[in-house]
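J.: What follows is query12.pdb; its format and atoms are PDB, C-alpha atoms.
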ATOM      1  CA  MET R   1       0.000   0.000   0.000
ATOM      2  CA  ILE R   2       1.247   3.470  -0.943
ATOM      3  CA  GLY R   3       0.563   6.240   1.550
ATOM      4  CA  ILE R   4       0.161   9.759   0.152
ATOM      5  CA  ILE R   5       0.700  12.325   2.885
ATOM      6  CA  ASN R   6      -1.913  15.077   3.024
ATOM      7  CA  TYR R   7      -0.584  17.717   5.415
ATOM      8  CA  GLY R   8      -1.975  20.753   3.600
ATOM      9  CA  SER R   9       0.753  21.273   1.001
ATOM     10  CA  GLY R  10       0.721  19.268  -2.209
ATOM     11  CA  ASN R  11      -1.264  18.027  -5.176
ATOM     12  CA  VAL R  12      -2.613  14.943  -3.420
ATOM     13  CA  SER R  13      -5.700  14.392  -5.586
ATOM     14  CA  ALA R  14      -3.744  14.227  -8.855
ATOM     15  CA  ILE R  15      -1.291  11.670  -7.448
ATOM     16  CA  THR R  16      -4.157   9.594  -6.037
ATOM     17  CA  ARG R  17      -5.941   9.698  -9.394
ATOM     18  CA  ALA R  18      -2.806   8.568 -11.237
ATOM     19  CA  TYR R  19      -2.490   5.494  -9.000
ATOM     20  CA  LYS R  20      -6.195   4.765  -9.303
ATOM     21  CA  ASN R  21      -5.773   4.642 -13.087
ATOM     22  CA  LEU R  22      -2.937   2.159 -12.540
ATOM     23  CA  ASN R  23      -5.134   0.036 -10.230
ATOM     24  CA  ILE R  24      -2.587   0.491  -7.449
ATOM     25  CA  PRO R  25      -4.121   1.010  -3.985
ATOM     26  CA  THR R  26      -3.269   4.143  -2.033
ATOM     27  CA  LEU R  27      -4.119   5.580   1.359
ATOM     28  CA  GLY R  28      -4.505   9.291   1.967
ATOM     29  CA  ILE R  29      -2.582   9.905   5.181
ATOM     30  CA  THR R  30      -3.751  12.765   7.389
ATOM     31  CA  LYS R  31      -2.316  11.574  10.719
ATOM     32  CA  PRO R  32       1.219  10.354  11.489
ATOM     33  CA  ASP R  33       0.032   7.075  13.048
ATOM     34  CA  GLN R  34      -1.377   6.051   9.642
ATOM     35  CA  LEU R  35       2.202   5.684   8.381
ATOM     36  CA  ALA R  36       2.195   2.283  10.085
ATOM     37  CA  ASP R  37      -0.486   1.103   7.619
ATOM     38  CA  VAL R  38       1.584   1.583   4.447
ATOM     39  CA  ASP R  39       4.841   0.187   3.088
ATOM     40  CA  ARG R  40       5.693   3.076   0.724
ATOM     41  CA  ILE R  41       5.285   6.821   1.221
ATOM     42  CA  ILE R  42       4.825   9.789  -1.104
ATOM     43  CA  LEU R  43       5.562  13.266   0.250
ATOM     44  CA  PRO R  44       4.152  15.974  -2.054
ATOM     45  CA  GLY R  45       4.991  19.620  -1.583
ATOM     46  CA  VAL R  46       3.947  22.946  -3.082
ATOM     47  CA  GLY R  47       5.040  26.381  -1.915
ATOM     48  CA  ALA R  48       7.747  27.686   0.399
ATOM     49  CA  PHE R  49      10.310  25.554   2.235
ATOM     50  CA  ASP R  50       9.764  27.032   5.718
ATOM     51  CA  TYR R  51       5.974  26.800   5.430
ATOM     52  CA  THR R  52       6.229  23.151   4.423
ATOM     53  CA  MET R  53       8.572  22.267   7.309
ATOM     54  CA  SER R  54       6.320  24.149   9.726
ATOM     55  CA  LEU R  55       3.298  22.150   8.583
ATOM     56  CA  LEU R  56       5.206  18.875   8.898
ATOM     57  CA  SER R  57       6.365  19.787  12.400
ATOM     58  CA  THR R  58       3.043  21.007  13.801
ATOM     59  CA  SER R  59       1.144  18.050  12.317
ATOM     60  CA  GLY R  60       3.545  15.521  13.841
ATOM     61  CA  PHE R  61       4.665  14.190  10.476
ATOM     62  CA  LYS R  62       8.274  15.277  10.968
ATOM     63  CA  GLY R  63       8.822  12.756  13.749
ATOM     64  CA  GLY R  64       6.645  10.124  12.101
ATOM     65  CA  LEU R  65       8.589  10.302   8.861
ATOM     66  CA  GLN R  66      11.892  10.093  10.700
ATOM     67  CA  GLU R  67      10.718   6.868  12.316
ATOM     68  CA  HIS R  68       9.307   5.193   9.216
ATOM     69  CA  VAL R  69      11.841   6.397   6.644
ATOM     70  CA  VAL R  70      15.090   6.234   8.644
ATOM     71  CA  ASN R  71      14.431   3.590  11.287
ATOM     72  CA  ARG R  72      12.043   1.314   9.381
ATOM     73  CA  GLU R  73      13.551   2.083   5.964
ATOM     74  CA  LYS R  74      10.298   2.418   4.051
ATOM     75  CA  PRO R  75      10.730   3.759   0.499
ATOM     76  CA  ILE R  76       9.724   7.407   0.191
ATOM     77  CA  LEU R  77       9.271   9.619  -2.869
ATOM     78  CA  GLY R  78       9.399  13.376  -2.292
ATOM     79  CA  ILE R  79       7.911  15.594  -5.000
ATOM     80  CA  CYS R  80       8.997  19.224  -5.604
ATOM     81  CA  VAL R  81       9.288  20.809  -2.133
ATOM     82  CA  GLY R  82       8.911  17.238  -0.851
ATOM     83  CA  LEU R  83      12.369  16.682  -2.359
ATOM     84  CA  GLN R  84      13.810  19.944  -1.041
ATOM     85  CA  VAL R  85      13.006  19.191   2.602
ATOM     86  CA  MET R  86      15.139  16.038   2.368
ATOM     87  CA  GLY R  87      18.291  18.169   2.567
ATOM     88  CA  TYR R  88      19.789  20.297   5.339
ATOM     89  CA  GLY R  89      17.898  23.497   4.604
ATOM     90  CA  SER R  90      17.156  26.137   1.974
ATOM     91  CA  ASP R  91      18.272  29.609   0.961
ATOM     92  CA  GLU R  92      14.535  30.333   0.817
ATOM     93  CA  GLY R  93      14.173  30.243   4.607
ATOM     94  CA  CYS R  94      15.732  29.380   7.940
ATOM     95  CA  GLU R  95      14.035  26.114   8.973
ATOM     96  CA  GLU R  96      16.078  22.912   9.078
ATOM     97  CA  GLY R  97      15.229  20.102   6.668
ATOM     98  CA  PHE R  98      15.314  16.387   7.436
ATOM     99  CA  GLY R  99      18.999  16.062   6.518
ATOM    100  CA  TRP R 100      18.483  12.673   4.896
ATOM    101  CA  ILE R 101      20.539  13.628   1.844
ATOM    102  CA  PRO R 102      23.581  15.905   2.257
ATOM    103  CA  GLY R 103      22.938  19.176   0.472
ATOM    104  CA  LYS R 104      21.193  22.524   0.615
ATOM    105  CA  VAL R 105      18.548  24.122  -1.571
ATOM    106  CA  LYS R 106      19.737  27.041  -3.717
ATOM    107  CA  LYS R 107      17.941  29.615  -5.850
ATOM    108  CA  PHE R 108      18.553  29.781  -9.588
ATOM    109  CA  SER R 109      20.581  32.780 -10.735
ATOM    110  CA  ALA R 110      18.359  34.679 -13.179
ATOM    111  CA  GLN R 111      21.490  36.200 -14.761
ATOM    112  CA  LYS R 112      22.491  32.757 -16.068
ATOM    113  CA  ILE R 113      19.137  32.018 -17.716
ATOM    114  CA  ASN R 114      18.468  33.072 -21.316
ATOM    115  CA  SER R 115      14.793  32.130 -21.653
ATOM    116  CA  LYS R 116      11.936  34.374 -20.464
ATOM    117  CA  PRO R 117      10.212  34.436 -18.100
ATOM    118  CA  LYS R 118      13.369  33.429 -16.298
ATOM    119  CA  LEU R 119      11.846  32.320 -12.994
ATOM    120  CA  PRO R 120      10.210  30.152 -12.054
ATOM    121  CA  HIS R 121      11.558  27.350 -14.210
ATOM    122  CA  MET R 122       8.182  26.322 -15.577
ATOM    123  CA  GLY R 123       7.200  23.830 -18.251
ATOM    124  CA  TRP R 124       8.678  20.727 -19.830
ATOM    125  CA  ASN R 125      12.362  19.877 -19.652
ATOM    126  CA  THR R 126      14.409  16.748 -20.129
ATOM    127  CA  VAL R 127      16.431  14.840 -17.542
ATOM    128  CA  ASN R 128      19.835  13.215 -17.866
ATOM    129  CA  ASP R 129      19.722   9.716 -16.380
ATOM    130  CA  LEU R 130      23.021   9.160 -14.571
ATOM    131  CA  HIS R 131      22.597   5.702 -13.075
ATOM    132  CA  GLY R 132      19.919   3.737 -14.943
ATOM    133  CA  HIS R 133      17.999   3.231 -11.714
ATOM    134  CA  PRO R 134      14.776   1.123 -11.887
ATOM    135  CA  LEU R 135      12.809   4.223 -10.816
ATOM    136  CA  LEU R 136      13.476   5.604 -14.316
ATOM    137  CA  SER R 137      12.933   2.482 -16.395
ATOM    138  CA  GLY R 138      10.687   2.682 -19.440
ATOM    139  CA  LEU R 139      10.781   6.480 -19.731
ATOM    140  CA  GLU R 140      10.812   8.494 -22.944
ATOM    141  CA  HIS R 141      13.767  10.720 -22.172
ATOM    142  CA  ASP R 142      13.102  13.081 -25.087
ATOM    143  CA  LEU R 143       9.700  13.875 -23.557
ATOM    144  CA  GLY R 144      10.995  14.785 -20.106
ATOM    145  CA  PHE R 145       8.910  16.036 -17.191
ATOM    146  CA  TYR R 146       6.931  19.077 -16.098
ATOM    147  CA  PHE R 147       8.705  21.522 -13.754
ATOM    148  CA  ILE R 148       7.652  24.576 -11.789
ATOM    149  CA  HIS R 149      10.220  25.871  -9.265
ATOM    150  CA  SER R 150      12.766  28.612  -8.536
ATOM    151  CA  TYR R 151      14.970  26.588  -6.173
ATOM    152  CA  TYR R 152      16.922  23.364  -6.599
ATOM    153  CA  MET R 153      18.804  20.895  -4.424
ATOM    154  CA  ASN R 154      22.582  21.298  -4.492
ATOM    155  CA  CYS R 155      23.803  17.857  -3.408
ATOM    156  CA  GLU R 156      27.164  17.588  -1.673
ATOM    157  CA  ASN R 157      27.788  14.102  -3.097
ATOM    158  CA  ASP R 158      27.446  13.193  -6.781
ATOM    159  CA  GLU R 159      26.420   9.676  -5.757
ATOM    160  CA  ASN R 160      23.104  11.079  -4.485
ATOM    161  CA  VAL R 161      22.212  12.685  -7.846
ATOM    162  CA  LEU R 162      19.901  10.433  -9.834
ATOM    163  CA  THR R 163      19.243  12.813 -12.753
ATOM    164  CA  THR R 164      20.348  16.273 -13.821
ATOM    165  CA  THR R 165      18.569  18.936 -15.862
ATOM    166  CA  ASP R 166      19.861  22.091 -17.534
ATOM    167  CA  TYR R 167      18.335  25.491 -16.786
ATOM    168  CA  GLY R 168      21.010  28.156 -16.687
ATOM    169  CA  VAL R 169      23.019  25.658 -14.644
ATOM    170  CA  ARG R 170      23.007  21.885 -14.532
ATOM    171  CA  PHE R 171      21.045  21.004 -11.400
ATOM    172  CA  SER R 172      19.910  17.877  -9.562
ATOM    173  CA  SER R 173      16.414  17.158 -10.862
ATOM    174  CA  SER R 174      16.086  13.931  -8.880
ATOM    175  CA  ILE R 175      18.036  12.523  -5.951
ATOM    176  CA  TYR R 176      18.310   9.292  -4.017
ATOM    177  CA  ARG R 177      19.952   7.489  -1.160
ATOM    178  CA  ASN R 178      19.042   3.906  -0.308
ATOM    179  CA  ASN R 179      15.239   3.936   0.238
ATOM    180  CA  ILE R 180      14.928   7.718  -0.179
ATOM    181  CA  PHE R 181      13.967   9.271  -3.530
ATOM    182  CA  GLY R 182      13.095  12.811  -4.514
ATOM    183  CA  VAL R 183      12.070  14.450  -7.803
ATOM    184  CA  GLN R 184      12.020  18.191  -8.423
ATOM    185  CA  PHE R 185       9.548  17.807 -11.297
ATOM    186  CA  HIS R 186       5.881  16.871 -10.988
ATOM    187  CA  PRO R 187       5.189  13.298 -12.151
ATOM    188  CA  GLU R 188       1.436  13.855 -11.613
ATOM    189  CA  LYS R 189       1.608  16.560 -14.339
ATOM    190  CA  SER R 190       4.001  14.706 -16.641
ATOM    191  CA  HIS R 191       1.636  12.440 -18.582
ATOM    192  CA  LYS R 192       3.147   9.141 -19.749
ATOM    193  CA  ASN R 193       6.573   9.608 -18.133
ATOM    194  CA  GLY R 194       5.027  10.616 -14.842
ATOM    195  CA  ILE R 195       2.748   7.600 -14.800
ATOM    196  CA  SER R 196       5.700   5.322 -15.546
ATOM    197  CA  LEU R 197       7.743   6.812 -12.719
ATOM    198  CA  LEU R 198       4.909   6.489 -10.198
ATOM    199  CA  LYS R 199       4.396   2.881 -11.263
ATOM    200  CA  ASN R 200       8.132   2.196 -10.942
ATOM    201  CA  PHE R 201       8.102   3.605  -7.416
ATOM    202  CA  SER R 202       5.319   1.187  -6.471
ATOM    203  CA  GLU R 203       7.637  -1.660  -7.509
ATOM    204  CA  ILE R 204      10.752  -0.550  -5.602
ATOM    205  CA  PRO R 205      11.831  -3.563  -3.507
ATOM    206  CA  LEU R 206      11.050  -3.352   0.189
TER     207      LEU R 206
END
Have the structure of the file written as structure tokens, please.
T.:
Amino acid sequence: MIGIINYGSGNVSAITRAYKNLNIPTLGITKPDQLADVDRIILPGVGAFDYTMSLLSTSGFKGGLQEHVVNREKPILGICVGLQVMGYGSDEGCEEGFGWIPGKVKKFSAQKINSKPKLPHMGWNTVNDLHGHPLLSGLEHDLGFYFIHSYYMNCENDENVLTTTDYGVRFSSSIYRNNIFGVQFHPEKSHKNGISLLKNFSEIPL
């Protein structure tokens, strides 16, 4: 069972609908104790870093996720800001992230971007698959994924970078470490590639 965390920040309904179309059962999680009922977790996120971490803290999900992701090693997929909170923190605010993956979130430099509007990075872009991980199997790489963001994760270790994307700079568009995965793009908005990635996540070995 895949648990989709609904803590007030994220496109939960679109992710749920995508899994329903795949005939893969999901559980909308609104309380931390429900994490015990699932074996995989999706952490969506939309908006500012500090606001997201504040919601996770006040709702009790911060401690619950630490228990189930780190101690029980359940696979987790963070989407957009759900990826960004996996690092140490963000230039966007002052709250601490989970620190699961070494790195800090940085803002794009508009001076390095030729296209307009420069920020946010919005629309379709391709990803460079660095490791051939099963999470990315069966994708059409020329199609890419849908992005909307002004900040990106700057990983300290190249081994944690699953894919890169170019937008003024080459940035980490998805990251991983053991059972922890994060994507900066929105699979629920990315049509065929997004559906394939969500399906692949449901098949990650436990």
J.: Could you jot down the atom CA of Gly103 of chain R to atom CA of Gly123 of chain R separation for me, Å, one decimal place?
T.: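 Between atom CA of Gly103 of chain R and atom CA of Gly123 of chain R the gap is 24.9 Å.
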J.: What do you get, as a ChimeraX atom specification, if you spell out every residue that the PyMOL selection byres ((chain R and resi 79-94) around 10) selects here?
T.: /R:9-11,42-53,76-78,95-107,147-156,173-176,180-188
J.: Could the residues in this selection be saved with C-alpha atoms as a tab-separated table (two decimals), in the frame of the given file?
T.:
chain	number	residue	atom	x	y	z
R	9	SER	CA	0.75	21.27	1.00
R	10	GLY	CA	0.72	19.27	-2.21
R	11	ASN	CA	-1.26	18.03	-5.18
R	42	ILE	CA	4.82	9.79	-1.10
R	43	LEU	CA	5.56	13.27	0.25
R	44	PRO	CA	4.15	15.97	-2.05
R	45	GLY	CA	4.99	19.62	-1.58
R	46	VAL	CA	3.95	22.95	-3.08
R	47	GLY	CA	5.04	26.38	-1.92
R	48	ALA	CA	7.75	27.69	0.40
R	49	PHE	CA	10.31	25.55	2.24
R	50	ASP	CA	9.76	27.03	5.72
R	51	TYR	CA	5.97	26.80	5.43
R	52	THR	CA	6.23	23.15	4.42
R	53	MET	CA	8.57	22.27	7.31
R	76	ILE	CA	9.72	7.41	0.19
R	77	LEU	CA	9.27	9.62	-2.87
R	78	GLY	CA	9.40	13.38	-2.29
R	95	GLU	CA	14.04	26.11	8.97
R	96	GLU	CA	16.08	22.91	9.08
R	97	GLY	CA	15.23	20.10	6.67
R	98	PHE	CA	15.31	16.39	7.44
R	99	GLY	CA	19.00	16.06	6.52
R	100	TRP	CA	18.48	12.67	4.90
R	101	ILE	CA	20.54	13.63	1.84
R	102	PRO	CA	23.58	15.90	2.26
R	103	GLY	CA	22.94	19.18	0.47
R	104	LYS	CA	21.19	22.52	0.62
R	105	VAL	CA	18.55	24.12	-1.57
R	106	LYS	CA	19.74	27.04	-3.72
R	107	LYS	CA	17.94	29.62	-5.85
R	147	PHE	CA	8.70	21.52	-13.75
R	148	ILE	CA	7.65	24.58	-11.79
R	149	HIS	CA	10.22	25.87	-9.26
R	150	SER	CA	12.77	28.61	-8.54
R	151	TYR	CA	14.97	26.59	-6.17
R	152	TYR	CA	16.92	23.36	-6.60
R	153	MET	CA	18.80	20.90	-4.42
R	154	ASN	CA	22.58	21.30	-4.49
R	155	CYS	CA	23.80	17.86	-3.41
R	156	GLU	CA	27.16	17.59	-1.67
R	173	SER	CA	16.41	17.16	-10.86
R	174	SER	CA	16.09	13.93	-8.88
R	175	ILE	CA	18.04	12.52	-5.95
R	176	TYR	CA	18.31	9.29	-4.02
R	180	ILE	CA	14.93	7.72	-0.18
R	181	PHE	CA	13.97	9.27	-3.53
R	182	GLY	CA	13.10	12.81	-4.51
R	183	VAL	CA	12.07	14.45	-7.80
R	184	GLN	CA	12.02	18.19	-8.42
R	185	PHE	CA	9.55	17.81	-11.30
R	186	HIS	CA	5.88	16.87	-10.99
R	187	PRO	CA	5.19	13.30	-12.15
R	188	GLU	CA	1.44	13.86	-11.61
J.: Do you know which residues are at most 12 Å from Ser13 of chain R counting all atoms listed in the file, after dropping those on the same chain fewer than 5 positions away, and could you put them as a short mmCIF file (atom, residue, chain, number, x, y, z; two decimals) with C-alpha atoms, in the coordinates of the input?
T.:
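out_3.cif, written as the output of this step:
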data_model
loop_
_atom_site.label_atom_id
_atom_site.label_comp_id
_atom_site.auth_asym_id
_atom_site.auth_seq_id
_atom_site.Cartn_x
_atom_site.Cartn_y
_atom_site.Cartn_z
CA ILE R 4 0.16 9.76 0.15
CA ILE R 5 0.70 12.32 2.88
CA ASN R 6 -1.91 15.08 3.02
CA GLY R 8 -1.98 20.75 3.60
CA ALA R 18 -2.81 8.57 -11.24
CA TYR R 19 -2.49 5.49 -9.00
CA LYS R 20 -6.20 4.76 -9.30
CA THR R 26 -3.27 4.14 -2.03
CA LEU R 27 -4.12 5.58 1.36
CA GLY R 28 -4.50 9.29 1.97
CA PRO R 44 4.15 15.97 -2.05
CA GLU R 188 1.44 13.86 -11.61
CA LYS R 189 1.61 16.56 -14.34
#
J.: Using all atoms listed in the file, can you tell me which of R:Arg170, R:Lys74, R:Lys31, R:Lys62 comes closest to Ser202 of chain R?
T.: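 Residue with the minimum atom-to-atom distance to Ser202 of chain R: R:Lys74.
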J.: Please measure the separation of atom CA of Leu22 of chain R and atom CA of Trp124 of chain R, giving the value in Å to one decimal.
T.: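 If I compute the distance from atom CA of Leu22 of chain R to atom CA of Trp124 of chain R, I get 23.1 Å.
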J.: Just to confirm, what's the straight-line distance from atom CA of His191 of chain R to atom CA of Arg40 of chain R in Å (one decimal)?
T.: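 Computed distance, atom CA of His191 of chain R to atom CA of Arg40 of chain R, equals 21.8 Å.
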J.: Which residue is closest to Gly132 of chain R? Choose from R:Val69, R:Val161, R:Leu35, R:Ala110 and count all atoms listed in the file.
T.: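 Result for the nearest residue to Gly132 of chain R: R:Val161.
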J.: For a cutoff of 12 Å around the file-coordinate point (6.9, 6.9, -17.2), which residues qualify once you count only C-alpha atoms? I'd like the result as number ranges by chain.
T.: R: 18, 22, 134-145, 186-201
J.: Saving segment 183-195 of chain R with all heavy atoms, as a compact mmCIF listing (two decimals), in the first residue's frame, what would that file be?
T.:
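So the final result, stored in out.txt, reads:
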# COMPACT_ATOMS: atom_id res chain seq x y z
N VAL R 183 12.10 13.90 -6.45
CA VAL R 183 12.07 14.45 -7.80
C VAL R 183 11.64 15.91 -7.73
O VAL R 183 10.68 16.24 -7.04
CB VAL R 183 11.13 13.64 -8.73
CG1 VAL R 183 11.69 12.24 -8.95
CG2 VAL R 183 9.71 13.57 -8.20
N GLN R 184 12.36 16.78 -8.42
CA GLN R 184 12.02 18.19 -8.42
C GLN R 184 10.84 18.48 -9.34
O GLN R 184 10.08 19.42 -9.13
CB GLN R 184 13.24 19.02 -8.84
CG GLN R 184 13.02 20.51 -8.78
CD GLN R 184 12.65 20.99 -7.39
OE1 GLN R 184 13.42 20.88 -6.45
NE2 GLN R 184 11.44 21.54 -7.25
N PHE R 185 10.66 17.65 -10.36
CA PHE R 185 9.55 17.81 -11.30
C PHE R 185 8.27 17.20 -10.71
O PHE R 185 8.28 16.59 -9.63
CB PHE R 185 9.89 17.15 -12.63
CG PHE R 185 10.48 15.77 -12.51
CD1 PHE R 185 9.67 14.66 -12.30
CD2 PHE R 185 11.85 15.57 -12.59
CE1 PHE R 185 10.19 13.39 -12.18
CE2 PHE R 185 12.39 14.29 -12.47
CZ PHE R 185 11.57 13.21 -12.27
N HIS R 186 7.19 17.37 -11.44
CA HIS R 186 5.88 16.87 -10.99
C HIS R 186 5.45 15.68 -11.84
O HIS R 186 4.93 15.87 -12.95
CB HIS R 186 4.83 17.98 -11.09
CG HIS R 186 4.96 19.03 -10.05
ND1 HIS R 186 4.33 18.94 -8.82
CD2 HIS R 186 5.67 20.17 -10.03
CE1 HIS R 186 4.64 20.01 -8.10
NE2 HIS R 186 5.45 20.77 -8.81
N PRO R 187 5.63 14.46 -11.36
CA PRO R 187 5.19 13.30 -12.15
C PRO R 187 3.69 13.30 -12.39
O PRO R 187 3.22 12.83 -13.43
CB PRO R 187 5.63 12.09 -11.32
CG PRO R 187 5.90 12.62 -9.95
CD PRO R 187 6.31 14.04 -10.12
N GLU R 188 2.90 13.84 -11.45
CA GLU R 188 1.44 13.86 -11.61
C GLU R 188 0.99 14.81 -12.71
O GLU R 188 -0.18 14.77 -13.13
CB GLU R 188 0.77 14.22 -10.28
CG GLU R 188 0.82 15.68 -9.89
CD GLU R 188 2.13 16.11 -9.24
OE1 GLU R 188 3.10 15.32 -9.27
OE2 GLU R 188 2.17 17.25 -8.72
N LYS R 189 1.91 15.65 -13.23
CA LYS R 189 1.61 16.56 -14.34
C LYS R 189 2.36 16.18 -15.61
O LYS R 189 2.32 16.92 -16.60
CB LYS R 189 1.99 18.00 -13.96
CG LYS R 189 1.25 18.58 -12.77
CD LYS R 189 1.75 19.99 -12.46
CE LYS R 189 1.08 20.59 -11.24
NZ LYS R 189 -0.31 20.96 -11.51
N SER R 190 3.06 15.04 -15.57
CA SER R 190 4.00 14.71 -16.64
C SER R 190 3.54 13.57 -17.54
O SER R 190 4.36 12.88 -18.15
CB SER R 190 5.38 14.37 -16.02
OG SER R 190 5.91 15.49 -15.34
N HIS R 191 2.24 13.38 -17.62
CA HIS R 191 1.64 12.44 -18.58
C HIS R 191 2.29 11.05 -18.51
O HIS R 191 2.44 10.49 -17.45
CB HIS R 191 1.69 13.03 -20.00
CG HIS R 191 1.07 14.39 -20.12
ND1 HIS R 191 -0.05 14.77 -19.40
CD2 HIS R 191 1.43 15.47 -20.86
CE1 HIS R 191 -0.37 16.01 -19.70
NE2 HIS R 191 0.52 16.47 -20.58
N LYS R 192 2.68 10.52 -19.67
CA LYS R 192 3.15 9.14 -19.75
C LYS R 192 4.39 8.89 -18.89
O LYS R 192 4.47 7.88 -18.18
CB LYS R 192 3.45 8.78 -21.21
CG LYS R 192 3.88 7.33 -21.42
CD LYS R 192 4.12 7.06 -22.89
CE LYS R 192 4.58 5.61 -23.09
NZ LYS R 192 4.81 5.32 -24.53
N ASN R 193 5.36 9.79 -18.94
CA ASN R 193 6.57 9.61 -18.13
C ASN R 193 6.27 9.64 -16.65
O ASN R 193 6.84 8.87 -15.86
CB ASN R 193 7.61 10.69 -18.47
CG ASN R 193 8.53 10.28 -19.60
OD1 ASN R 193 8.48 9.16 -20.09
ND2 ASN R 193 9.37 11.21 -20.02
N GLY R 194 5.38 10.54 -16.25
CA GLY R 194 5.03 10.62 -14.84
C GLY R 194 4.34 9.37 -14.34
O GLY R 194 4.63 8.88 -13.24
N ILE R 195 3.44 8.84 -15.16
CA ILE R 195 2.75 7.60 -14.80
C ILE R 195 3.74 6.45 -14.67
O ILE R 195 3.67 5.64 -13.74
CB ILE R 195 1.67 7.26 -15.85
CG1 ILE R 195 0.54 8.31 -15.81
CG2 ILE R 195 1.11 5.87 -15.63
CD1 ILE R 195 -0.25 8.33 -14.53
